[in-house]
$ cat protein_9.cif   # mmCIF, C-alpha atoms
data_final
#
loop_
_atom_site.label_atom_id
_atom_site.label_comp_id
_atom_site.auth_asym_id
_atom_site.auth_seq_id
_atom_site.Cartn_x
_atom_site.Cartn_y
_atom_site.Cartn_z
CA MET A 381 -26.62 -24.40 -67.41
CA GLY A 382 -28.30 -20.98 -67.53
CA LYS A 383 -30.22 -21.51 -64.31
CA LYS A 384 -27.21 -22.88 -62.51
CA ARG A 385 -25.10 -19.93 -63.57
CA PHE A 386 -27.78 -17.57 -62.29
CA PHE A 387 -28.08 -19.21 -58.94
CA LEU A 388 -24.34 -19.29 -58.43
CA SER A 389 -24.04 -15.61 -59.33
CA VAL A 390 -26.77 -14.52 -56.97
CA MET A 391 -24.93 -16.30 -54.18
CA SER A 392 -22.19 -13.67 -54.37
CA VAL A 393 -24.64 -10.79 -54.00
CA ILE A 394 -27.43 -11.70 -51.59
CA LEU A 395 -25.97 -10.17 -48.51
CA GLY A 396 -22.56 -11.27 -49.75
CA LEU A 397 -20.97 -8.66 -47.54
CA PHE A 398 -21.10 -11.25 -44.75
CA LEU A 399 -18.19 -13.11 -46.34
CA LEU A 400 -15.40 -13.01 -43.81
CA SER A 401 -12.59 -14.76 -45.64
CA ALA A 402 -10.61 -13.67 -48.65
CA CYS A 403 -7.79 -14.35 -50.98
CA GLY A 404 -4.86 -12.00 -50.63
CA SER A 405 -1.71 -11.26 -48.74
CA ASN A 406 -1.32 -10.73 -45.02
CA ASP A 407 1.20 -7.97 -45.70
CA THR A 408 -0.27 -4.76 -44.32
CA SER A 409 2.66 -2.56 -45.31
CA SER A 410 1.19 -1.54 -48.66
CA GLU A 411 1.02 2.18 -49.24
CA PRO A 412 -2.43 3.75 -49.00
CA GLU A 413 -4.07 5.50 -51.92
CA GLY A 414 -5.99 8.77 -51.98
CA ASN A 415 -5.79 12.37 -53.11
CA VAL A 416 -2.68 13.27 -51.09
CA ASP A 417 0.81 11.89 -50.52
CA PRO A 418 0.76 10.58 -46.93
CA GLU A 419 4.44 11.51 -46.53
CA GLU A 420 3.62 15.17 -47.20
CA MET A 421 0.64 15.38 -44.86
CA ASP A 422 0.69 17.77 -41.94
CA THR A 423 -1.40 15.85 -39.42
CA GLU A 424 -1.50 18.76 -36.97
CA THR A 425 -3.13 21.38 -39.19
CA GLU A 426 -6.70 22.40 -38.37
CA GLU A 427 -7.38 23.62 -41.90
CA VAL A 428 -7.81 20.11 -43.30
CA VAL A 429 -10.46 17.43 -42.80
CA ARG A 430 -9.17 13.91 -43.37
CA VAL A 431 -11.28 10.92 -44.31
CA GLY A 432 -9.98 7.37 -44.19
CA VAL A 433 -11.62 4.89 -46.54
CA LEU A 434 -11.38 1.24 -45.47
CA THR A 435 -12.39 -1.06 -48.29
CA SER A 436 -11.65 -4.31 -50.08
CA LEU A 437 -9.24 -3.46 -52.88
CA THR A 438 -8.20 -7.12 -52.91
CA GLY A 439 -9.82 -10.31 -51.68
CA ALA A 440 -13.26 -11.82 -52.12
CA LEU A 441 -15.06 -8.46 -52.23
CA GLU A 442 -12.62 -6.58 -54.44
CA ALA A 443 -15.29 -5.62 -56.99
CA TYR A 444 -17.49 -4.12 -54.27
CA GLY A 445 -14.57 -2.11 -52.91
CA ALA A 446 -13.72 -0.70 -56.32
CA GLN A 447 -17.31 0.44 -56.80
CA THR A 448 -17.37 2.08 -53.37
CA VAL A 449 -14.16 4.02 -54.02
CA LYS A 450 -15.33 5.30 -57.41
CA GLY A 451 -18.59 6.44 -55.87
CA PHE A 452 -16.87 8.08 -52.92
CA GLU A 453 -14.51 10.09 -55.11
CA LEU A 454 -17.32 11.29 -57.35
CA GLY A 455 -19.49 12.05 -54.32
CA LEU A 456 -16.85 14.32 -52.83
CA GLU A 457 -16.52 16.15 -56.11
CA TYR A 458 -20.27 16.60 -56.48
CA ALA A 459 -20.83 17.66 -52.87
CA THR A 460 -18.05 20.29 -52.99
CA ASN A 461 -18.73 21.52 -56.53
CA GLY A 462 -15.29 20.31 -57.51
CA THR A 463 -13.41 22.38 -54.90
CA MET A 464 -12.67 19.50 -52.48
CA GLU A 465 -13.27 22.04 -49.72
CA VAL A 466 -16.03 22.46 -47.14
CA ALA A 467 -16.54 25.12 -44.49
CA GLY A 468 -13.19 26.65 -45.43
CA LYS A 469 -11.28 23.40 -44.98
CA LYS A 470 -9.62 21.18 -47.56
CA ILE A 471 -10.76 17.57 -47.71
CA GLU A 472 -8.06 14.92 -47.93
CA TYR A 473 -8.76 11.21 -48.12
CA ILE A 474 -6.65 8.10 -47.70
CA ILE A 475 -7.75 4.69 -49.00
CA GLU A 476 -6.60 1.56 -47.17
CA ASP A 477 -7.09 -2.02 -48.37
CA THR A 478 -8.53 -4.37 -45.73
CA GLU A 479 -7.85 -7.33 -48.05
CA THR A 480 -11.26 -8.54 -46.82
CA GLN A 481 -9.65 -9.76 -43.60
CA PRO A 482 -10.77 -8.45 -40.18
CA ASP A 483 -7.30 -8.52 -38.63
CA VAL A 484 -5.91 -6.49 -41.52
CA ALA A 485 -8.85 -4.09 -41.25
CA VAL A 486 -7.97 -3.42 -37.61
CA GLN A 487 -4.33 -2.74 -38.49
CA LYS A 488 -5.25 -0.42 -41.35
CA ALA A 489 -7.85 1.41 -39.26
CA THR A 490 -5.30 1.88 -36.49
CA ARG A 491 -2.89 3.38 -39.01
CA LEU A 492 -5.54 5.77 -40.26
CA LEU A 493 -6.40 6.86 -36.72
CA GLU A 494 -2.89 7.12 -35.31
CA ASP A 495 -0.59 7.97 -38.23
CA TYR A 496 -2.97 10.07 -40.33
CA ASN A 497 -5.26 11.40 -37.60
CA VAL A 498 -8.39 11.02 -39.73
CA ASP A 499 -11.63 12.70 -38.68
CA PHE A 500 -13.91 10.15 -40.37
CA ILE A 501 -13.60 6.52 -41.39
CA ILE A 502 -15.72 5.16 -44.26
CA GLY A 503 -16.10 1.40 -44.66
CA SER A 504 -16.00 -1.41 -45.10
CA SER A 505 -16.95 -3.87 -47.84
CA SER A 506 -17.12 -6.78 -45.39
CA SER A 507 -19.28 -6.97 -42.28
CA GLY A 508 -16.53 -8.96 -40.59
CA ASP A 509 -14.01 -6.20 -41.28
CA THR A 510 -16.43 -3.55 -40.11
CA LEU A 511 -17.41 -5.28 -36.87
CA ALA A 512 -13.74 -5.67 -36.00
CA VAL A 513 -13.16 -1.93 -36.39
CA LEU A 514 -16.19 -0.61 -34.47
CA PRO A 515 -14.50 -0.67 -31.03
CA LEU A 516 -11.55 1.31 -32.41
CA VAL A 517 -13.62 4.28 -33.53
CA GLU A 518 -15.28 4.35 -30.13
CA GLU A 519 -11.89 4.27 -28.41
CA TYR A 520 -10.50 7.06 -30.60
CA GLU A 521 -13.81 8.96 -30.58
CA LYS A 522 -14.04 9.28 -34.36
CA ILE A 523 -17.05 9.02 -36.64
CA MET A 524 -17.39 5.90 -38.79
CA ILE A 525 -19.83 5.93 -41.70
CA VAL A 526 -20.50 2.29 -42.51
CA GLU A 527 -20.69 1.53 -46.22
CA PRO A 528 -21.62 -0.98 -47.55
CA ALA A 529 -21.47 -3.72 -44.84
CA VAL A 530 -24.94 -5.01 -43.99
CA ALA A 531 -24.82 -6.96 -40.70
CA ASP A 532 -27.73 -5.97 -38.46
CA SER A 533 -25.42 -6.04 -35.43
CA ILE A 534 -23.46 -3.05 -36.77
CA THR A 535 -26.39 -0.82 -35.87
CA GLY A 536 -27.62 -3.33 -33.29
CA ALA A 537 -25.76 -5.27 -30.63
CA ASN A 538 -22.32 -3.96 -31.64
CA TRP A 539 -23.36 -0.35 -32.20
CA ASN A 540 -21.84 2.65 -30.48
CA LYS A 541 -22.76 6.31 -30.82
CA HIS A 542 -19.92 7.01 -33.27
CA ILE A 543 -21.43 4.66 -35.87
CA PHE A 544 -23.59 5.95 -38.73
CA ARG A 545 -24.57 3.81 -41.71
CA THR A 546 -25.40 4.96 -45.23
CA GLY A 547 -25.46 1.35 -46.41
CA ARG A 548 -28.64 -0.59 -45.87
CA SER A 549 -28.90 -3.36 -43.26
CA SER A 550 -29.74 -6.99 -43.90
CA SER A 551 -33.14 -6.38 -42.30
CA GLN A 552 -33.82 -3.58 -44.78
CA ASP A 553 -33.05 -6.01 -47.59
CA ALA A 554 -35.39 -8.62 -46.12
CA ILE A 555 -38.19 -6.10 -45.58
CA ALA A 556 -37.76 -4.82 -49.15
CA GLY A 557 -37.96 -8.40 -50.37
CA ALA A 558 -41.25 -8.88 -48.54
CA ALA A 559 -42.68 -5.60 -49.77
CA ALA A 560 -41.88 -6.61 -53.35
CA ILE A 561 -43.90 -9.86 -53.38
CA ALA A 562 -46.24 -10.01 -50.39
CA GLY A 563 -49.97 -9.33 -50.59
CA ASP A 564 -53.32 -10.71 -49.52
CA GLY A 565 -53.41 -14.48 -49.86
CA VAL A 566 -49.89 -14.84 -51.32
CA LYS A 567 -48.24 -18.01 -50.00
CA ILE A 568 -44.52 -17.67 -49.33
CA ALA A 569 -41.84 -20.08 -48.16
CA THR A 570 -38.37 -19.03 -47.09
CA LEU A 571 -35.01 -20.77 -47.26
CA ALA A 572 -32.10 -19.53 -45.18
CA GLN A 573 -29.10 -20.72 -43.21
CA ASP A 574 -29.74 -21.93 -39.68
CA ASN A 575 -27.77 -19.22 -37.94
CA ALA A 576 -28.38 -15.74 -36.58
CA PHE A 577 -27.91 -14.19 -40.01
CA GLY A 578 -30.50 -16.44 -41.65
CA ARG A 579 -33.01 -16.39 -38.82
CA ASP A 580 -32.80 -12.63 -38.34
CA GLY A 581 -33.34 -12.08 -42.05
CA VAL A 582 -36.31 -14.43 -42.19
CA GLY A 583 -37.74 -12.86 -39.05
CA ALA A 584 -37.70 -9.39 -40.60
CA PHE A 585 -39.04 -10.74 -43.90
CA ALA A 586 -41.85 -12.77 -42.33
CA THR A 587 -43.03 -9.96 -40.08
CA THR A 588 -43.41 -7.59 -43.02
CA ALA A 589 -44.91 -10.24 -45.30
CA LYS A 590 -47.61 -11.09 -42.74
CA GLU A 591 -48.38 -7.41 -42.15
CA LEU A 592 -48.98 -7.12 -45.90
CA GLY A 593 -51.45 -10.01 -45.85
CA ALA A 594 -49.24 -12.85 -47.06
CA ASP A 595 -49.21 -16.30 -45.54
CA VAL A 596 -45.71 -17.54 -44.69
CA VAL A 597 -46.47 -21.22 -45.13
CA HIS A 598 -43.02 -22.60 -44.39
CA GLU A 599 -39.67 -21.49 -43.00
CA GLU A 600 -36.84 -23.80 -43.98
CA TYR A 601 -33.45 -23.53 -42.30
CA ALA A 602 -30.46 -25.40 -43.66
CA ASP A 603 -27.18 -26.43 -42.07
CA PRO A 604 -24.78 -23.50 -42.58
CA ALA A 605 -21.95 -26.00 -43.17
CA GLY A 606 -24.04 -28.37 -45.30
CA VAL A 607 -23.56 -29.25 -48.93
CA ASP A 608 -26.69 -31.32 -49.67
CA PHE A 609 -29.93 -29.38 -49.46
CA ALA A 610 -32.24 -31.78 -51.30
CA ALA A 611 -34.29 -32.55 -48.18
CA ASN A 612 -34.65 -28.84 -47.38
CA ILE A 613 -35.79 -28.08 -50.90
CA GLN A 614 -38.24 -30.97 -50.93
CA ARG A 615 -39.91 -29.64 -47.79
CA VAL A 616 -40.29 -26.29 -49.53
CA ILE A 617 -41.88 -28.04 -52.52
CA ASN A 618 -44.24 -29.95 -50.23
CA ALA A 619 -45.46 -26.66 -48.71
CA GLU A 620 -46.69 -25.57 -52.18
CA PRO A 621 -45.90 -21.86 -51.88
CA ASP A 622 -46.39 -19.28 -54.60
CA TYR A 623 -42.94 -17.85 -53.88
CA LEU A 624 -39.69 -19.05 -52.36
CA PHE A 625 -37.71 -16.17 -50.85
CA VAL A 626 -34.05 -17.09 -50.37
CA ILE A 627 -31.56 -15.53 -47.96
CA TRP A 628 -28.06 -17.00 -48.25
CA ALA A 629 -24.38 -16.15 -47.97
CA GLY A 630 -21.34 -18.34 -48.45
CA ALA A 631 -19.79 -20.74 -50.90
CA ASN A 632 -21.85 -23.80 -49.92
CA SER A 633 -24.99 -22.53 -51.58
CA PRO A 634 -28.24 -24.33 -52.50
CA TRP A 635 -28.57 -22.60 -55.88
CA GLY A 636 -27.40 -25.51 -58.01
CA GLN A 637 -29.77 -27.95 -56.32
CA LEU A 638 -32.69 -25.53 -56.63
CA ALA A 639 -32.08 -25.55 -60.38
CA ASP A 640 -31.61 -29.33 -60.51
CA MET A 641 -34.89 -29.92 -58.67
CA ARG A 642 -36.69 -27.64 -61.17
CA ILE A 643 -38.45 -25.72 -58.46
CA GLN A 644 -39.66 -22.97 -60.78
CA ASP A 645 -41.14 -25.55 -63.16
CA ARG A 646 -43.35 -26.63 -60.25
CA GLY A 647 -45.01 -23.22 -60.17
CA ILE A 648 -42.90 -21.86 -57.33
CA GLN A 649 -41.37 -18.51 -58.19
CA ILE A 650 -37.99 -17.72 -56.70
CA SER A 651 -37.56 -14.22 -55.33
CA THR A 652 -34.38 -12.56 -54.17
CA GLY A 653 -32.40 -9.39 -54.74
CA ALA A 654 -31.28 -8.27 -58.20
CA PRO A 655 -27.47 -8.17 -58.05
CA ASP A 656 -24.66 -6.21 -59.70
CA ILE A 657 -24.23 -5.88 -63.46
CA ALA A 658 -21.79 -8.78 -63.83
CA ALA A 659 -24.27 -11.16 -62.21
CA LEU A 660 -27.24 -9.70 -64.08
CA ARG A 661 -25.58 -10.80 -67.30
CA THR A 662 -26.05 -14.44 -66.24
CA MET A 663 -29.75 -14.18 -65.35
CA ASP A 664 -31.56 -14.94 -68.61
CA ALA A 665 -32.97 -18.13 -67.07
CA VAL A 666 -35.11 -16.13 -64.63
CA VAL A 667 -36.27 -13.20 -66.74
CA GLY A 668 -39.66 -12.26 -65.32
CA MET A 669 -38.56 -12.84 -61.72
CA LYS A 670 -40.20 -10.52 -59.21
CA GLY A 671 -38.00 -9.20 -56.43
CA PHE A 672 -36.19 -6.14 -55.18
CA THR A 673 -32.93 -4.29 -55.66
CA VAL A 674 -30.82 -1.78 -53.83
CA TYR A 675 -29.80 0.12 -56.97
CA HIS A 676 -29.50 -0.01 -60.71
CA HIS A 677 -28.39 3.14 -62.47
CA SER A 678 -31.53 3.21 -64.62
CA LEU A 679 -33.96 3.34 -61.67
CA PRO A 680 -33.56 6.61 -59.69
CA ASN A 681 -35.02 9.70 -61.29
CA ASN A 682 -33.16 12.66 -59.80
CA GLU A 683 -30.42 15.15 -60.66
CA VAL A 684 -27.82 13.58 -58.39
CA ASN A 685 -28.11 10.18 -60.08
CA ASP A 686 -28.13 11.80 -63.52
CA TRP A 687 -24.84 13.51 -62.68
CA LEU A 688 -23.35 10.29 -61.28
CA VAL A 689 -24.26 8.27 -64.38
CA GLU A 690 -22.91 10.89 -66.76
CA GLU A 691 -19.67 11.58 -64.90
CA HIS A 692 -18.98 7.94 -64.09
CA GLN A 693 -19.05 7.13 -67.79
CA LYS A 694 -16.71 10.04 -68.55
CA ARG A 695 -14.18 9.08 -65.89
CA HIS A 696 -14.28 5.31 -66.32
CA ASN A 697 -14.28 4.58 -70.04
CA GLY A 698 -18.02 4.40 -70.50
CA GLU A 699 -18.58 2.14 -67.49
CA MET A 700 -21.87 2.59 -65.65
CA PRO A 701 -22.10 2.97 -61.87
CA ASP A 702 -22.89 -0.37 -60.28
CA LEU A 703 -24.63 -1.74 -57.19
CA PHE A 704 -22.28 -0.25 -54.58
CA THR A 705 -21.21 2.92 -56.38
CA PRO A 706 -24.05 5.09 -55.03
CA GLY A 707 -23.20 3.95 -51.52
CA GLY A 708 -19.71 5.40 -51.68
CA PHE A 709 -21.21 8.54 -53.21
CA SER A 710 -23.77 8.76 -50.38
CA ALA A 711 -21.09 8.39 -47.70
CA ALA A 712 -19.18 11.31 -49.23
CA MET A 713 -22.35 13.39 -49.37
CA ALA A 714 -22.97 12.66 -45.69
CA VAL A 715 -19.46 13.77 -44.72
CA VAL A 716 -19.75 17.08 -46.56
CA GLN A 717 -23.30 17.75 -45.28
CA ALA A 718 -22.20 17.06 -41.71
CA LEU A 719 -19.25 19.45 -42.03
CA GLU A 720 -21.41 22.13 -43.60
CA ASN A 721 -23.88 21.80 -40.73
CA SER A 722 -21.11 21.87 -38.09
CA ASN A 723 -19.29 24.75 -39.80
CA GLY A 724 -16.22 22.57 -40.16
CA VAL A 725 -16.08 21.42 -36.53
CA THR A 726 -14.78 17.84 -36.36
CA ASP A 727 -15.18 17.18 -32.64
CA SER A 728 -17.02 13.86 -32.43
CA ASP A 729 -19.68 15.01 -29.96
CA THR A 730 -20.51 17.96 -32.19
CA LEU A 731 -20.66 15.75 -35.27
CA ILE A 732 -22.84 13.16 -33.54
CA GLU A 733 -25.38 15.80 -32.57
CA THR A 734 -25.18 17.29 -36.07
CA MET A 735 -25.64 13.97 -37.85
CA ARG A 736 -28.43 12.48 -35.76
CA GLY A 737 -31.60 12.98 -37.79
CA MET A 738 -29.61 14.62 -40.60
CA THR A 739 -31.08 14.43 -44.10
CA PHE A 740 -28.75 14.54 -47.10
CA ASP A 741 -29.00 14.04 -50.85
CA THR A 742 -27.84 10.84 -52.56
CA PRO A 743 -28.20 9.20 -55.98
CA LYS A 744 -31.12 7.23 -54.53
CA GLY A 745 -32.85 10.37 -53.28
CA PRO A 746 -32.74 11.84 -49.77
CA MET A 747 -31.48 9.70 -46.90
CA THR A 748 -31.96 10.43 -43.20
CA PHE A 749 -29.90 9.06 -40.31
CA ARG A 750 -32.40 7.67 -37.85
CA GLN A 751 -32.06 9.26 -34.40
CA GLU A 752 -32.07 6.02 -32.44
CA ASP A 753 -29.40 3.97 -34.22
CA HIS A 754 -28.01 6.23 -36.99
CA GLN A 755 -29.20 3.83 -39.71
CA ALA A 756 -29.91 5.67 -42.96
CA MET A 757 -33.52 5.40 -44.04
CA GLN A 758 -33.48 5.05 -47.82
CA THR A 759 -35.37 4.16 -50.95
CA MET A 760 -35.31 0.60 -52.30
CA TYR A 761 -36.97 -0.76 -55.45
CA ALA A 762 -39.56 -3.43 -56.16
CA ILE A 763 -38.68 -4.80 -59.58
CA THR A 764 -39.18 -7.42 -62.21
CA LEU A 765 -36.25 -8.76 -64.18
CA GLU A 766 -36.74 -8.08 -67.87
CA ARG A 767 -35.01 -7.99 -71.25
CA THR A 768 -35.16 -4.52 -72.81
CA GLU A 769 -33.79 -2.96 -75.98
CA GLU A 770 -31.71 -0.51 -73.96
CA PHE A 771 -29.42 -3.11 -72.35
CA ASP A 772 -27.62 -6.23 -73.52
CA TYR A 773 -28.36 -8.05 -70.24
CA PRO A 774 -31.48 -8.64 -68.11
CA VAL A 775 -32.21 -5.57 -66.00
CA PRO A 776 -34.41 -4.72 -63.03
CA VAL A 777 -37.46 -2.83 -64.25
CA ILE A 778 -39.18 -0.81 -61.59
CA ILE A 779 -42.60 -1.76 -60.31
CA ARG A 780 -42.50 0.97 -57.72
CA GLU A 781 -40.17 2.70 -55.32
CA LEU A 782 -40.17 1.27 -51.81
CA LEU A 783 -40.19 4.39 -49.64
CA PRO A 784 -37.80 4.69 -46.70
CA GLU A 785 -40.56 4.24 -44.15
CA GLU A 786 -41.65 1.01 -45.85
CA THR A 787 -38.27 -0.64 -45.42
CA ALA A 788 -37.30 0.81 -42.02
CA PRO A 789 -35.65 -2.00 -40.04
CA PRO A 790 -36.34 -2.70 -36.37
CA ILE A 791 -34.31 -0.71 -33.85
CA LEU A 792 -31.92 -3.27 -32.34
CA ASN A 793 -29.24 -1.32 -30.47
#

$ encode --input "protein_9.cif" --output "structure tokens"
Amino acid sequence: MGKKRFFLSVMSVILGLFLLSACGSNDTSSEPEGNVDPEEMDTETEEVVRVGVLTSLTGALEAYGAQTVKGFELGLEYATNGTMEVAGKKIEYIIEDTETQPDVAVQKATRLLEDYNVDFIIGSSSSGDTLAVLPLVEEYEKIMIVEPAVADSITGANWNKHIFRTGRSSSQDAIAGAAAIAGDGVKIATLAQDNAFGRDGVGAFATTAKELGADVVHEEYADPAGVDFAANIQRVINAEPDYLFVIWAGANSPWGQLADMRIQDRGIQISTGAPDIAALRTMDAVVGMKGFTVYHHSLPNNEVNDWLVEEHQKRHNGEMPDLFTPGGFSAAMAVVQALENSNGVTDSDTLIETMRGMTFDTPKGPMTFRQEDHQAMQTMYAITLERTEEFDYPVPVIIRELLPEETAPPILN
């Protein structure tokens, strides 16, 4: 049961931000949260900068949304030295729940733009929610900092100049996965869904793996709506790779069948991304796995992360920051840095010119918004999954940092 539990847990993390459906109400009348009472806001004042946070407070990605909000609030505090002011202006923020539903995300984003006159939007947990909102920020000429949605099309086919992303893209994940395991003579097979998401991810992975000297011996694509993947897995086994790199999202996953067919007992190592803490607790069956991760609080070695870890524990009953916490923190840092650089000017054209190529501190080290598509170049981590005395669950142990230039995705916009 251990292996099955692991595989099922990873399903919810490996690019899980592509989930488009959710549990939850269609009622969009819920009151927003934040650091101000919306009824007392003066939306005409020029002495305030307002940030709208779109995130999943309910629905399938509720845990990710909660992490993002905690990180964002701490990031604002850190970036402003506790004043919640920048360039002589007070920062107010309003949090809206998308319920992990694109139609609700559009309604909530419209409310933020029209009723609260926000200068920035941060979000969202779901790629579906985010893609639905992108045209709105272009129409209203407001900056959107995408965090943590990962769809390549956000900074690709659906991009507009108002979009900046502190979150990593699915291609960055795939490239990090290749960098973690590829090398001269290493034989790798891939398993992904037969759709644009799966093929784009494998394309980015395979390109990097081959550049690093690996031999991609087999690419297996499965029916996105399928439930029986035995034939797909058997073809992977027949290819006799050293590693199987898996890219998957959705409830109809192959993880249970991979365990049932004992693929690791055949000498094929599974590689994927190390997930959030809740899922890590189920991963004893694959201790020793080699892969990558976006973040674990024990990995970065810098003052910003040290502060985040310490303060997060103080504010949240000893709880550690999790996979998406530093993303919310980074988005807040980007907002404050942009306003410092623009001297508080919130005109979108000014902010766009200010933010293009801008470097700013984060818990993962410095990030830089790439000039061409505003994707943040950022550090990732090649890891092994190990049991240590410090933690009561398997944790990613760093092999090395994957530098931003190593995981830079293709420019697709």

$ closest_atom_pairs --input "protein_9.cif" --of "region 436-540 of chain A" --to "region 656-666 of chain A" --cutoff "12 Å" --atoms "all atoms listed in the file" --output "tab-separated table"
residue	atom	partner	partner_atom	distance
A:Ala443	CA	A:Asp656	CA	9.8
A:Tyr444	CA	A:Asp656	CA	9.2
A:Gln447	CA	A:Asp656	CA	10.3

$ write_last_selection --input "protein_9.cif" --atoms "C-alpha atoms" --output "compact mmCIF listing (two decimals), keeping the file's coordinate frame"
# COMPACT_ATOMS: atom_id res chain seq x y z
CA ALA A 443 -15.29 -5.62 -56.99
CA TYR A 444 -17.49 -4.12 -54.27
CA GLN A 447 -17.31 0.44 -56.80

$ residues_around --input "protein_9.cif" --residues "Gly547 (chain A)" --least-positions-apart "3" --cutoff "10 Å" --atoms "only C-alpha atoms" --output "list of chain:residue names"
A:Gly503, A:Ser504, A:Ile525, A:Val526, A:Glu527, A:Pro528, A:Ala529, A:Val530, A:Phe544, A:Ser550, A:Gln552, A:Val674, A:Phe704, A:Pro706, A:Gly707, A:Gly708, A:Ser710, A:Ala711, A:Gln755, A:Ala756, A:Met757, A:Gln758

$ closest_residue --input "protein_9.cif" --among "A:Asn793, A:Val466, A:Thr748, A:Gly647" --to "Asn721 (chain A)" --atoms "all atoms listed in the file"
A:Val466

$ closest_residue --input "protein_9.cif" --among "A:Ile627, A:Val431, A:Ala611, A:Met747" --to "Gly557 (chain A)" --atoms "all atoms listed in the file"
A:Ile627

$ closest_residue --input "protein_9.cif" --among "A:Glu720, A:Ala610, A:Gly455, A:Ile475" --to "Arg642 (chain A)" --atoms "all atoms listed in the file"
A:Ala610

$ atom_distance --input "protein_9.cif" --atom1 "CA of Gly578 (chain A)" --atom2 "CA of Tyr601 (chain A)"
7.7 Å

$ resolve_selection --input "protein_9.cif" --expression "the PyMOL selection byres ((chain A and resi 491) around 12)" --output "MDAnalysis selection string"
chainID A and resid 408:412 418 432:434 474:478 484:490 492:498 501 513 516 520

$ resolve_selection --input "protein_9.cif" --expression "the PyMOL selection byres ((chain A and resi 775) around 7)" --output "list in words"
Leu660, Leu765, Glu766, Arg767, Tyr773, Pro774, Pro776 and Val777 of chain A

$ residues_near_point --input "protein_9.cif" --point "(-36.8, 0.9, -65.3)" --cutoff "6 Å" --atoms "all atoms listed in the file" --output "list in words"
Ser678, Leu679, Val777 and Ile778 of chain A

$ closest_residue --input "protein_9.cif" --among "A:Pro746, A:Gly583, A:Gly445, A:Gly671" --to "Ile502 (chain A)" --atoms "all atoms listed in the file"
A:Gly445

$ residues_around --input "protein_9.cif" --residues "Asn632 (chain A)" --least-positions-apart "3" --cutoff "10 Å" --atoms "all atoms listed in the file" --output "PyMOL selection string"
chain A and resi 388+391+603-609+628-629+635-636

$ atom_distance --input "protein_9.cif" --atom1 "CA of Ala531 (chain A)" --atom2 "CA of Pro482 (chain A)"
14.1 Å

$ atom_distance --input "protein_9.cif" --atom1 "CA of Ala467 (chain A)" --atom2 "CA of Arg736 (chain A)"
19.4 Å

$ axis_aligned_box --input "protein_9.cif" --around "region 575-585 of chain A" --padding-each-side "8 Å" --output "JSON"
{"center_x": -33.4, "center_y": -14.3, "center_z": -40.2, "size_x": 27.3, "size_y": 25.8, "size_z": 23.3}
